[in-house]
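Reading through the C-alpha coordinates given below for one structure.
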Amino acid sequence: MASELPRIKVLRVIARLNVGGPALHVAYLTAGLADRGYDTTLVAGTIGRGEESMAFVAEAKGVRVAVLDELGRKISPFRDARAVLRLARLIREERPAILHTHTAKAGAVGRLAAVLAGRSRRPIVVHTFHGHVLRGYFNRVVTFGFRTLERLLARVTTKLIAVSPEVRDDLVALGVAPASKFVVIRLGIELDQRVGGTNGARAETRRALGLAGDPFVVGWVGRMTAVKRTDLVVRAFRSLVDRGVDARLLLVGDGPDRDGLERLAHELGVVKRCLFLGYQEDVARFYDAIDVLFLPSVNEGTPVSVIEALAARRPTVATRVGGVPDVVRDGVDGFLVDSADPGALADRLAELAGDPPRRTEMGEAGRARVLERYAVQRLVDDVDRLYRELLAERGLSPPSPPG
(Lines give C-alpha, C1' and ligand atoms only; values in the text may rest on other atoms or scores of the structure.)
Protein backbone atom coordinates (compact mmCIF):
# COMPACT_ATOMS: atom_id res chain seq x y z
CA MET A 1 0.00 0.00 0.00
CA ALA A 2 1.49 3.30 -1.11
CA SER A 3 2.14 5.76 1.66
CA GLU A 4 0.20 9.00 1.57
CA LEU A 5 2.03 12.17 0.67
CA PRO A 6 2.73 14.38 3.68
CA ARG A 7 0.64 17.36 4.61
CA ILE A 8 2.47 20.66 4.16
CA LYS A 9 2.78 23.02 7.08
CA VAL A 10 2.14 26.71 6.28
CA LEU A 11 2.57 29.71 8.56
CA ARG A 12 0.36 32.54 7.27
CA VAL A 13 0.82 36.00 8.79
CA ILE A 14 -1.34 39.13 8.49
CA ALA A 15 -1.03 42.35 10.46
CA ARG A 16 -4.65 42.29 11.63
CA LEU A 17 -8.05 40.94 10.66
CA ASN A 18 -9.71 44.32 10.24
CA VAL A 19 -12.45 45.18 7.76
CA GLY A 20 -11.21 44.81 4.20
CA GLY A 21 -10.16 42.48 1.43
CA PRO A 22 -7.00 41.04 3.03
CA ALA A 23 -8.93 39.64 6.01
CA LEU A 24 -11.45 37.95 3.73
CA HIS A 25 -8.65 36.73 1.48
CA VAL A 26 -6.64 34.95 4.19
CA ALA A 27 -9.74 33.40 5.77
CA TYR A 28 -11.05 31.94 2.51
CA LEU A 29 -7.58 30.88 1.36
CA THR A 30 -6.64 29.16 4.62
CA ALA A 31 -9.92 27.24 4.73
CA GLY A 32 -9.74 26.25 1.07
CA LEU A 33 -6.16 24.98 1.23
CA ALA A 34 -6.97 22.69 4.16
CA ASP A 35 -8.64 20.32 1.67
CA ARG A 36 -5.55 20.40 -0.54
CA GLY A 37 -3.17 18.93 2.03
CA TYR A 38 -1.98 22.10 3.79
CA ASP A 39 -2.04 22.57 7.57
CA THR A 40 -2.04 26.32 8.15
CA THR A 41 -1.48 28.36 11.27
CA LEU A 42 -2.96 31.82 10.70
CA VAL A 43 -1.13 34.43 12.77
CA ALA A 44 -2.76 37.85 13.13
CA GLY A 45 -1.96 40.97 15.08
CA THR A 46 -4.36 43.09 17.11
CA ILE A 47 -7.07 45.43 15.84
CA GLY A 48 -6.35 49.13 16.29
CA ARG A 49 -8.52 51.60 18.17
CA GLY A 50 -11.55 52.57 16.11
CA GLU A 51 -11.22 49.56 13.78
CA GLU A 52 -13.75 46.77 13.36
CA SER A 53 -12.76 43.11 13.33
CA MET A 54 -13.51 40.57 10.62
CA ALA A 55 -12.17 37.64 12.63
CA PHE A 56 -15.70 36.23 12.57
CA VAL A 57 -15.19 35.27 8.91
CA ALA A 58 -12.18 33.09 9.78
CA GLU A 59 -14.02 31.62 12.77
CA ALA A 60 -17.03 30.75 10.60
CA LYS A 61 -14.68 28.89 8.26
CA GLY A 62 -13.18 26.91 11.14
CA VAL A 63 -9.83 28.69 10.81
CA ARG A 64 -7.88 28.89 14.04
CA VAL A 65 -6.28 32.27 14.57
CA ALA A 66 -3.14 32.63 16.69
CA VAL A 67 -3.03 36.21 17.96
CA LEU A 68 0.36 37.93 18.10
CA ASP A 69 -0.34 40.82 20.47
CA GLU A 70 2.79 42.76 19.53
CA LEU A 71 1.84 42.89 15.86
CA GLY A 72 -0.40 45.79 14.85
CA ARG A 73 -0.94 48.52 12.31
CA LYS A 74 1.06 51.34 13.90
CA ILE A 75 4.84 51.54 13.69
CA SER A 76 6.33 50.97 17.14
CA PRO A 77 10.04 50.02 17.24
CA PHE A 78 9.79 48.24 20.59
CA ARG A 79 6.59 46.30 19.85
CA ASP A 80 7.67 45.56 16.30
CA ALA A 81 11.01 44.16 17.50
CA ARG A 82 9.18 41.95 19.98
CA ALA A 83 6.84 40.78 17.21
CA VAL A 84 9.85 39.80 15.06
CA LEU A 85 11.41 37.87 17.96
CA ARG A 86 8.18 36.05 18.84
CA LEU A 87 7.51 35.16 15.23
CA ALA A 88 11.08 33.93 14.72
CA ARG A 89 10.63 31.64 17.72
CA LEU A 90 7.33 30.38 16.27
CA ILE A 91 9.03 29.64 12.94
CA ARG A 92 11.71 27.60 14.72
CA GLU A 93 9.05 25.72 16.70
CA GLU A 94 6.59 25.11 13.86
CA ARG A 95 9.22 24.55 11.13
CA PRO A 96 6.79 25.41 8.32
CA ALA A 97 7.63 24.50 4.76
CA ILE A 98 6.04 27.79 3.64
CA LEU A 99 5.88 31.19 5.33
CA HIS A 100 3.30 33.37 3.57
CA THR A 101 2.87 36.98 4.68
CA HIS A 102 0.08 39.40 3.75
CA THR A 103 0.03 43.23 3.92
CA ALA A 104 3.01 45.54 4.41
CA LYS A 105 3.46 45.37 8.18
CA ALA A 106 3.17 41.60 8.40
CA GLY A 107 5.40 41.29 5.36
CA ALA A 108 8.20 43.21 7.06
CA VAL A 109 7.85 41.50 10.45
CA GLY A 110 7.40 38.03 8.97
CA ARG A 111 10.29 38.16 6.54
CA LEU A 112 12.68 39.65 9.10
CA ALA A 113 11.64 36.87 11.47
CA ALA A 114 12.41 34.27 8.79
CA VAL A 115 15.94 35.64 8.48
CA LEU A 116 16.37 35.75 12.25
CA ALA A 117 15.07 32.18 12.65
CA GLY A 118 18.27 30.90 11.08
CA ARG A 119 19.36 29.17 7.90
CA SER A 120 18.57 25.65 9.07
CA ARG A 121 15.70 24.58 6.80
CA ARG A 122 14.56 28.15 6.16
CA PRO A 123 11.00 28.06 4.80
CA ILE A 124 9.89 29.04 1.34
CA VAL A 125 8.94 32.71 1.79
CA VAL A 126 5.99 34.18 -0.09
CA HIS A 127 4.61 37.69 0.33
CA THR A 128 1.34 39.07 -1.06
CA PHE A 129 1.03 42.77 -1.84
CA HIS A 130 -2.65 43.66 -1.35
CA GLY A 131 -1.74 47.07 -2.78
CA HIS A 132 1.14 48.97 -1.20
CA VAL A 133 2.00 52.02 0.92
CA LEU A 134 4.83 53.23 -1.31
CA ARG A 135 2.80 55.97 -2.96
CA GLY A 136 0.23 58.40 -1.54
CA TYR A 137 0.43 57.45 2.14
CA PHE A 138 3.48 59.10 3.73
CA ASN A 139 5.92 61.98 3.20
CA ARG A 140 8.95 61.60 0.90
CA VAL A 141 11.44 60.62 3.59
CA VAL A 142 9.23 57.91 5.10
CA THR A 143 8.21 56.66 1.66
CA PHE A 144 11.86 56.39 0.59
CA GLY A 145 12.63 54.41 3.73
CA PHE A 146 9.78 51.99 3.07
CA ARG A 147 10.80 51.54 -0.55
CA THR A 148 14.35 50.72 0.51
CA LEU A 149 13.07 48.22 3.08
CA GLU A 150 10.81 46.51 0.53
CA ARG A 151 13.73 46.19 -1.90
CA LEU A 152 15.85 44.52 0.78
CA LEU A 153 13.01 42.24 1.89
CA ALA A 154 12.38 41.18 -1.70
CA ARG A 155 15.88 39.66 -1.77
CA VAL A 156 14.98 37.21 1.02
CA THR A 157 11.58 36.38 -0.51
CA THR A 158 11.13 33.34 -2.73
CA LYS A 159 8.12 34.72 -4.60
CA LEU A 160 6.11 37.94 -4.54
CA ILE A 161 2.38 37.99 -5.27
CA ALA A 162 0.48 41.04 -6.54
CA VAL A 163 -3.31 41.09 -6.49
CA SER A 164 -3.50 42.77 -9.89
CA PRO A 165 -1.25 43.45 -12.90
CA GLU A 166 -1.37 47.17 -12.08
CA VAL A 167 -0.05 46.61 -8.55
CA ARG A 168 2.73 44.40 -9.93
CA ASP A 169 3.70 46.93 -12.59
CA ASP A 170 3.74 49.75 -10.06
CA LEU A 171 6.00 47.80 -7.70
CA VAL A 172 8.34 46.89 -10.56
CA ALA A 173 8.48 50.58 -11.60
CA LEU A 174 9.32 51.51 -8.00
CA GLY A 175 12.26 49.12 -8.12
CA VAL A 176 10.99 46.72 -5.45
CA ALA A 177 11.88 43.66 -7.55
CA PRO A 178 12.04 42.57 -11.21
CA ALA A 179 8.84 41.38 -12.88
CA SER A 180 10.21 37.82 -12.96
CA LYS A 181 9.92 37.61 -9.18
CA PHE A 182 6.19 38.41 -9.23
CA VAL A 183 3.10 36.38 -9.96
CA VAL A 184 -0.37 37.91 -10.19
CA ILE A 185 -3.07 36.14 -8.14
CA ARG A 186 -6.32 38.02 -7.78
CA LEU A 187 -8.51 38.03 -4.67
CA GLY A 188 -11.11 35.37 -4.07
CA ILE A 189 -14.40 36.32 -2.38
CA GLU A 190 -17.54 34.35 -1.61
CA LEU A 191 -19.67 36.86 -3.47
CA ASP A 192 -22.95 34.96 -3.44
CA GLN A 193 -22.78 34.76 0.35
CA ARG A 194 -21.68 38.35 0.92
CA VAL A 195 -23.83 40.03 -1.72
CA GLY A 196 -26.37 37.67 -3.23
CA GLY A 197 -26.97 39.69 -6.38
CA THR A 198 -30.79 39.93 -6.16
CA ASN A 199 -32.98 42.99 -6.43
CA GLY A 200 -35.78 41.70 -4.20
CA ALA A 201 -34.73 43.59 -1.06
CA ARG A 202 -34.28 46.97 -2.77
CA ALA A 203 -37.69 48.50 -1.96
CA GLU A 204 -37.70 47.13 1.59
CA THR A 205 -34.19 48.39 2.36
CA ARG A 206 -34.89 51.83 0.89
CA ARG A 207 -38.06 52.08 2.93
CA ALA A 208 -36.16 51.11 6.10
CA LEU A 209 -33.55 53.78 5.36
CA GLY A 210 -36.19 56.45 4.83
CA LEU A 211 -35.42 56.89 1.13
CA ALA A 212 -38.86 58.05 0.06
CA GLY A 213 -39.75 58.44 -3.60
CA ASP A 214 -37.18 57.25 -6.08
CA PRO A 215 -33.97 59.26 -5.54
CA PHE A 216 -30.68 58.45 -7.24
CA VAL A 217 -28.61 56.83 -4.47
CA VAL A 218 -24.82 57.03 -4.53
CA GLY A 219 -23.08 54.51 -2.27
CA TRP A 220 -19.68 54.40 -0.66
CA VAL A 221 -18.37 51.44 1.39
CA GLY A 222 -15.08 51.29 3.25
CA ARG A 223 -12.91 52.71 5.98
CA MET A 224 -12.91 56.47 6.36
CA THR A 225 -9.22 57.29 6.06
CA ALA A 226 -7.21 59.86 4.11
CA VAL A 227 -6.18 57.51 1.30
CA LYS A 228 -9.88 56.86 0.53
CA ARG A 229 -10.48 60.61 -0.08
CA THR A 230 -13.90 60.56 1.53
CA ASP A 231 -13.87 64.37 1.37
CA LEU A 232 -14.05 63.98 -2.42
CA VAL A 233 -17.07 61.74 -1.99
CA VAL A 234 -18.96 64.55 -0.30
CA ARG A 235 -17.64 67.34 -2.55
CA ALA A 236 -18.51 65.44 -5.73
CA PHE A 237 -21.93 64.65 -4.29
CA ARG A 238 -22.49 68.37 -3.64
CA SER A 239 -21.56 69.00 -7.29
CA LEU A 240 -24.01 66.29 -8.39
CA VAL A 241 -26.84 67.91 -6.43
CA ASP A 242 -25.94 71.27 -7.97
CA ARG A 243 -26.64 69.69 -11.37
CA GLY A 244 -30.26 69.24 -10.33
CA VAL A 245 -30.09 65.54 -9.57
CA ASP A 246 -32.41 64.35 -6.77
CA ALA A 247 -29.70 62.34 -5.05
CA ARG A 248 -28.86 60.77 -1.72
CA LEU A 249 -25.48 59.62 -0.41
CA LEU A 250 -25.26 56.40 1.58
CA LEU A 251 -21.96 55.85 3.41
CA VAL A 252 -21.27 52.44 4.98
CA GLY A 253 -18.19 52.35 7.17
CA ASP A 254 -16.31 54.10 9.92
CA GLY A 255 -12.86 55.41 10.64
CA PRO A 256 -10.80 58.35 11.90
CA ASP A 257 -12.14 60.77 9.26
CA ARG A 258 -15.82 60.26 10.05
CA ASP A 259 -16.33 63.28 12.33
CA GLY A 260 -14.62 65.60 9.87
CA LEU A 261 -16.64 64.14 7.02
CA GLU A 262 -19.92 64.77 8.80
CA ARG A 263 -18.83 68.37 9.47
CA LEU A 264 -17.95 68.81 5.79
CA ALA A 265 -21.35 67.50 4.72
CA HIS A 266 -22.95 70.04 7.07
CA GLU A 267 -20.78 72.89 5.77
CA LEU A 268 -21.63 72.04 2.15
CA GLY A 269 -25.33 71.89 2.95
CA VAL A 270 -25.88 68.24 2.00
CA VAL A 271 -25.93 66.57 5.41
CA LYS A 272 -29.70 66.00 5.21
CA ARG A 273 -29.13 64.07 1.99
CA CYS A 274 -26.42 61.87 3.55
CA LEU A 275 -26.86 58.68 5.56
CA PHE A 276 -23.85 57.83 7.73
CA LEU A 277 -24.52 54.19 8.62
CA GLY A 278 -21.23 53.30 10.31
CA TYR A 279 -19.72 49.83 10.23
CA GLN A 280 -22.09 47.09 9.03
CA GLU A 281 -21.35 43.39 9.16
CA ASP A 282 -23.99 42.58 6.54
CA VAL A 283 -23.41 44.78 3.47
CA ALA A 284 -25.62 42.98 0.93
CA ARG A 285 -28.81 44.95 1.60
CA PHE A 286 -27.02 48.26 1.19
CA TYR A 287 -25.77 47.34 -2.27
CA ASP A 288 -29.42 46.54 -3.03
CA ALA A 289 -30.39 50.08 -2.00
CA ILE A 290 -27.86 52.05 -4.09
CA ASP A 291 -27.79 52.85 -7.81
CA VAL A 292 -24.03 53.31 -8.19
CA LEU A 293 -20.92 52.82 -6.08
CA PHE A 294 -18.49 55.73 -5.85
CA LEU A 295 -14.78 55.28 -5.02
CA PRO A 296 -12.47 58.31 -5.54
CA SER A 297 -9.47 56.84 -3.65
CA VAL A 298 -5.86 58.02 -3.98
CA ASN A 299 -4.60 54.42 -4.02
CA GLU A 300 -6.17 50.95 -4.04
CA GLY A 301 -4.94 47.38 -4.26
CA THR A 302 -8.03 45.46 -5.30
CA PRO A 303 -11.14 47.25 -4.00
CA VAL A 304 -13.48 44.66 -2.49
CA SER A 305 -16.36 47.14 -2.34
CA VAL A 306 -16.21 47.54 -6.13
CA ILE A 307 -16.18 43.77 -6.70
CA GLU A 308 -19.13 43.37 -4.34
CA ALA A 309 -21.05 46.22 -5.98
CA LEU A 310 -20.58 44.72 -9.44
CA ALA A 311 -21.66 41.32 -8.12
CA ALA A 312 -24.81 43.08 -6.91
CA ARG A 313 -25.31 44.54 -10.41
CA ARG A 314 -24.32 48.05 -9.43
CA PRO A 315 -21.95 50.02 -11.71
CA THR A 316 -19.03 51.99 -10.26
CA VAL A 317 -17.55 55.44 -10.73
CA ALA A 318 -13.96 55.43 -9.49
CA THR A 319 -10.58 57.07 -9.88
CA ARG A 320 -8.14 55.26 -12.14
CA VAL A 321 -5.64 54.22 -9.44
CA GLY A 322 -3.86 51.03 -8.33
CA GLY A 323 -5.76 47.86 -9.13
CA VAL A 324 -9.10 49.58 -9.86
CA PRO A 325 -8.71 49.31 -13.68
CA ASP A 326 -8.26 45.55 -13.26
CA VAL A 327 -11.76 45.40 -11.78
CA VAL A 328 -13.66 48.14 -13.62
CA ARG A 329 -13.72 48.30 -17.41
CA ASP A 330 -14.22 51.94 -18.31
CA GLY A 331 -17.50 52.37 -20.16
CA VAL A 332 -18.44 48.71 -19.77
CA ASP A 333 -19.31 48.13 -16.10
CA GLY A 334 -18.54 51.60 -14.78
CA PHE A 335 -16.53 54.74 -15.35
CA LEU A 336 -12.90 55.46 -14.50
CA VAL A 337 -11.90 59.09 -13.98
CA ASP A 338 -8.29 60.28 -14.20
CA SER A 339 -8.88 63.55 -12.39
CA ALA A 340 -9.64 63.88 -8.69
CA ASP A 341 -11.73 66.96 -9.53
CA PRO A 342 -15.17 66.82 -7.87
CA GLY A 343 -16.80 68.25 -10.99
CA ALA A 344 -15.33 65.61 -13.31
CA LEU A 345 -16.43 62.86 -10.94
CA ALA A 346 -19.90 64.38 -10.63
CA ASP A 347 -20.21 64.45 -14.44
CA ARG A 348 -19.96 60.68 -14.57
CA LEU A 349 -22.37 60.22 -11.69
CA ALA A 350 -24.85 62.55 -13.41
CA GLU A 351 -24.48 60.57 -16.64
CA LEU A 352 -25.54 57.39 -14.86
CA ALA A 353 -28.28 59.18 -12.92
CA GLY A 354 -29.90 60.20 -16.20
CA ASP A 355 -29.63 56.81 -17.90
CA PRO A 356 -31.22 53.93 -15.90
CA PRO A 357 -31.01 51.45 -18.82
CA ARG A 358 -27.26 52.00 -19.06
CA ARG A 359 -26.92 51.45 -15.30
CA THR A 360 -28.70 48.14 -15.69
CA GLU A 361 -26.55 47.15 -18.67
CA MET A 362 -23.32 48.00 -16.85
CA GLY A 363 -24.44 46.21 -13.70
CA GLU A 364 -25.23 43.02 -15.59
CA ALA A 365 -21.89 43.15 -17.43
CA GLY A 366 -20.03 43.61 -14.16
CA ARG A 367 -21.75 40.72 -12.38
CA ALA A 368 -21.17 38.33 -15.28
CA ARG A 369 -17.44 39.03 -15.08
CA VAL A 370 -16.63 39.21 -11.38
CA LEU A 371 -18.36 36.03 -10.18
CA GLU A 372 -15.84 33.78 -11.91
CA ARG A 373 -12.88 36.17 -11.94
CA TYR A 374 -12.89 36.59 -8.14
CA ALA A 375 -14.12 33.15 -7.13
CA VAL A 376 -12.61 31.56 -4.02
CA GLN A 377 -12.11 28.27 -5.88
CA ARG A 378 -9.96 30.07 -8.45
CA LEU A 379 -7.91 31.72 -5.68
CA VAL A 380 -7.26 28.38 -3.97
CA ASP A 381 -6.34 26.75 -7.30
CA ASP A 382 -3.86 29.52 -8.11
CA VAL A 383 -2.13 29.49 -4.73
CA ASP A 384 -2.06 25.69 -4.56
CA ARG A 385 -0.40 25.63 -8.00
CA LEU A 386 2.19 28.19 -6.92
CA TYR A 387 2.96 26.35 -3.68
CA ARG A 388 3.46 23.07 -5.57
CA GLU A 389 5.87 24.74 -8.01
CA LEU A 390 7.89 26.27 -5.18
CA LEU A 391 7.97 23.00 -3.23
CA ALA A 392 9.20 21.17 -6.31
CA GLU A 393 11.95 23.74 -6.84
CA ARG A 394 13.05 23.18 -3.24
CA GLY A 395 13.03 19.42 -3.74
CA LEU A 396 10.17 18.89 -1.27
CA SER A 397 7.27 16.51 -1.75
CA PRO A 398 3.92 18.16 -2.57
CA PRO A 399 0.84 17.51 -0.47
CA SER A 400 -1.73 14.92 -1.48
CA PRO A 401 -3.55 16.18 -4.59
CA PRO A 402 -7.19 17.32 -4.31
CA GLY A 403 -9.90 14.72 -4.74
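Letters for chains follow the order of the C-alpha coordinates (A, B, ...), residue numbers begin at 1 for each chain, and ligand numbers begin at 1 in the order shown.
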Tell me, counting only C-alpha atoms, for each residue of range 4-40 of chain A within 6 Å of range 47-66 of chain A, which pair of atoms is nearest and how far apart they are in Å to one decimal, in rows ordered by chain and increasing number, as a Markdown table.
| residue | atom | partner | partner_atom | distance |
| --- | --- | --- | --- | --- |
| A:Arg16 | CA | A:Ile47 | CA | 5.8 |
| A:Leu17 | CA | A:Met54 | CA | 5.5 |
| A:Asn18 | CA | A:Ser53 | CA | 4.5 |
| A:Val19 | CA | A:Met54 | CA | 5.5 |
| A:Ala27 | CA | A:Ala58 | CA | 4.7 |
- DSSP helix (DSSP H, G or I) residues within range 45-285 of chain A, listed as a ChimeraX atom specification: /A:55-60,77-94,104-116,140-155,165-173,179-181,191-194,202-208,226-228,230-242,258-267,271-273,284-285
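Straight-line separation from CA of Leu310 in chain A to CA of Leu264 in chain A: 28.6 Å.
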- Item | Within 7 Å of range 86-92 of chain A using only C-alpha atoms, minus same-chain residues under 3 positions, as an MDAnalysis selection string | chainID A and resid 82:83 95:96 110 113:114 116:117
Could I get the residues of range 306-377 of chain A with an atom no further than 8 Å from an atom of range 238-243 of chain A, each paired with its nearest atom pair and that distance in Å to one decimal, using only C-alpha atoms, sorted by chain and residue number, as a Markdown table?
| residue | atom | partner | partner_atom | distance |
| --- | --- | --- | --- | --- |
| A:Pro342 | CA | A:Ser239 | CA | 6.8 |
| A:Gly343 | CA | A:Ser239 | CA | 6.1 |
| A:Ala346 | CA | A:Leu240 | CA | 5.1 |
| A:Asp347 | CA | A:Leu240 | CA | 7.4 |
| A:Leu349 | CA | A:Leu240 | CA | 7.1 |
| A:Ala350 | CA | A:Leu240 | CA | 6.3 |
Write a file of the just-selected residues containing N, CA and C atoms, as a PDB file, in the first residue's frame.
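File out-v7.pdb, as written:
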ATOM      1  N   PRO A 342     -13.796  67.176  -8.209  1.00  0.00           N
ATOM      2  CA  PRO A 342     -15.174  66.820  -7.871  1.00  0.00           C
ATOM      3  C   PRO A 342     -16.136  66.989  -9.034  1.00  0.00           C
ATOM      4  N   GLY A 343     -15.909  68.025  -9.858  1.00  0.00           N
ATOM      5  CA  GLY A 343     -16.795  68.254 -10.995  1.00  0.00           C
ATOM      6  C   GLY A 343     -16.724  67.150 -12.024  1.00  0.00           C
ATOM      7  N   ALA A 346     -18.452  64.165 -10.637  1.00  0.00           N
ATOM      8  CA  ALA A 346     -19.896  64.381 -10.628  1.00  0.00           C
ATOM      9  C   ALA A 346     -20.484  64.240 -12.027  1.00  0.00           C
ATOM     10  N   ASP A 347     -19.721  64.602 -13.061  1.00  0.00           N
ATOM     11  CA  ASP A 347     -20.212  64.455 -14.437  1.00  0.00           C
ATOM     12  C   ASP A 347     -20.565  63.007 -14.733  1.00  0.00           C
ATOM     13  N   LEU A 349     -21.227  60.615 -12.518  1.00  0.00           N
ATOM     14  CA  LEU A 349     -22.370  60.220 -11.688  1.00  0.00           C
ATOM     15  C   LEU A 349     -23.671  60.717 -12.309  1.00  0.00           C
ATOM     16  N   ALA A 350     -23.653  61.971 -12.789  1.00  0.00           N
ATOM     17  CA  ALA A 350     -24.852  62.548 -13.406  1.00  0.00           C
ATOM     18  C   ALA A 350     -25.234  61.789 -14.672  1.00  0.00           C
TER      19      ALA A 350
END
- Write out as number ranges by chain all residues of range 27-262 of chain A that backbone DSSP assigns to strand (DSSP E or B). A: 38-44, 53, 65-67, 98-102, 124-129, 159-162, 182-184, 216-221, 247-253
- Mind checking which residues fall within 7 Å of Lys228 in chain A, counting only C-alpha atoms, ignoring those fewer than 2 positions away in the same chain, and posting them as a ChimeraX atom specification? /A:224-226,230,296-298
Serialized selection, N, CA and C atoms, as a tab-separated table (two decimals), in the first residue's frame:
chain	number	residue	atom	x	y	z
A	224	MET	N	-13.05	55.04	6.58
A	224	MET	CA	-12.91	56.47	6.36
A	224	MET	C	-11.53	56.96	6.78
A	225	THR	N	-10.59	56.86	5.84
A	225	THR	CA	-9.22	57.29	6.06
A	225	THR	C	-8.79	58.18	4.90
A	226	ALA	N	-7.66	58.87	5.08
A	226	ALA	CA	-7.21	59.86	4.11
A	226	ALA	C	-7.02	59.29	2.71
A	230	THR	N	-12.46	60.45	1.27
A	230	THR	CA	-13.90	60.56	1.53
A	230	THR	C	-14.38	62.00	1.42
A	296	PRO	N	-13.49	57.38	-5.03
A	296	PRO	CA	-12.47	58.31	-5.54
A	296	PRO	C	-11.15	58.24	-4.76
A	297	SER	N	-10.66	57.03	-4.48
A	297	SER	CA	-9.47	56.84	-3.65
A	297	SER	C	-8.20	57.37	-4.32
A	298	VAL	N	-7.18	57.65	-3.50
A	298	VAL	CA	-5.86	58.02	-3.98
A	298	VAL	C	-5.09	56.78	-4.42
- Item | From A:Arg394, A:Arg223, A:Arg385, A:Arg36, residue lying nearest Gln280 in chain A [only C-alpha atoms] | A:Arg223
Contacts of Ala311 in chain A at 7 Å (only C-alpha atoms; same-chain gap of 5+ positions) as a short mmCIF file (atom, residue, chain, number, x, y, z; two decimals) with N, CA and C atoms, in the first residue's frame:
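out_23.cif, written as the output of this step:
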data_model
loop_
_atom_site.label_atom_id
_atom_site.label_comp_id
_atom_site.auth_asym_id
_atom_site.auth_seq_id
_atom_site.Cartn_x
_atom_site.Cartn_y
_atom_site.Cartn_z
N LEU A 191 -18.78 35.76 -3.10
CA LEU A 191 -19.67 36.86 -3.47
C LEU A 191 -21.14 36.52 -3.27
N VAL A 195 -23.02 39.06 -0.99
CA VAL A 195 -23.83 40.03 -1.72
C VAL A 195 -25.16 39.44 -2.16
N GLY A 197 -26.71 39.29 -5.01
CA GLY A 197 -26.97 39.69 -6.38
C GLY A 197 -28.44 39.68 -6.78
N GLY A 366 -20.95 43.75 -15.28
CA GLY A 366 -20.03 43.61 -14.16
C GLY A 366 -20.22 42.31 -13.41
N ARG A 367 -21.48 41.96 -13.12
CA ARG A 367 -21.75 40.72 -12.38
C ARG A 367 -21.28 39.50 -13.16
N VAL A 370 -17.32 39.34 -12.66
CA VAL A 370 -16.63 39.21 -11.38
C VAL A 370 -16.89 37.88 -10.67
N LEU A 371 -18.04 37.26 -10.92
CA LEU A 371 -18.36 36.03 -10.18
C LEU A 371 -17.30 34.95 -10.39
#
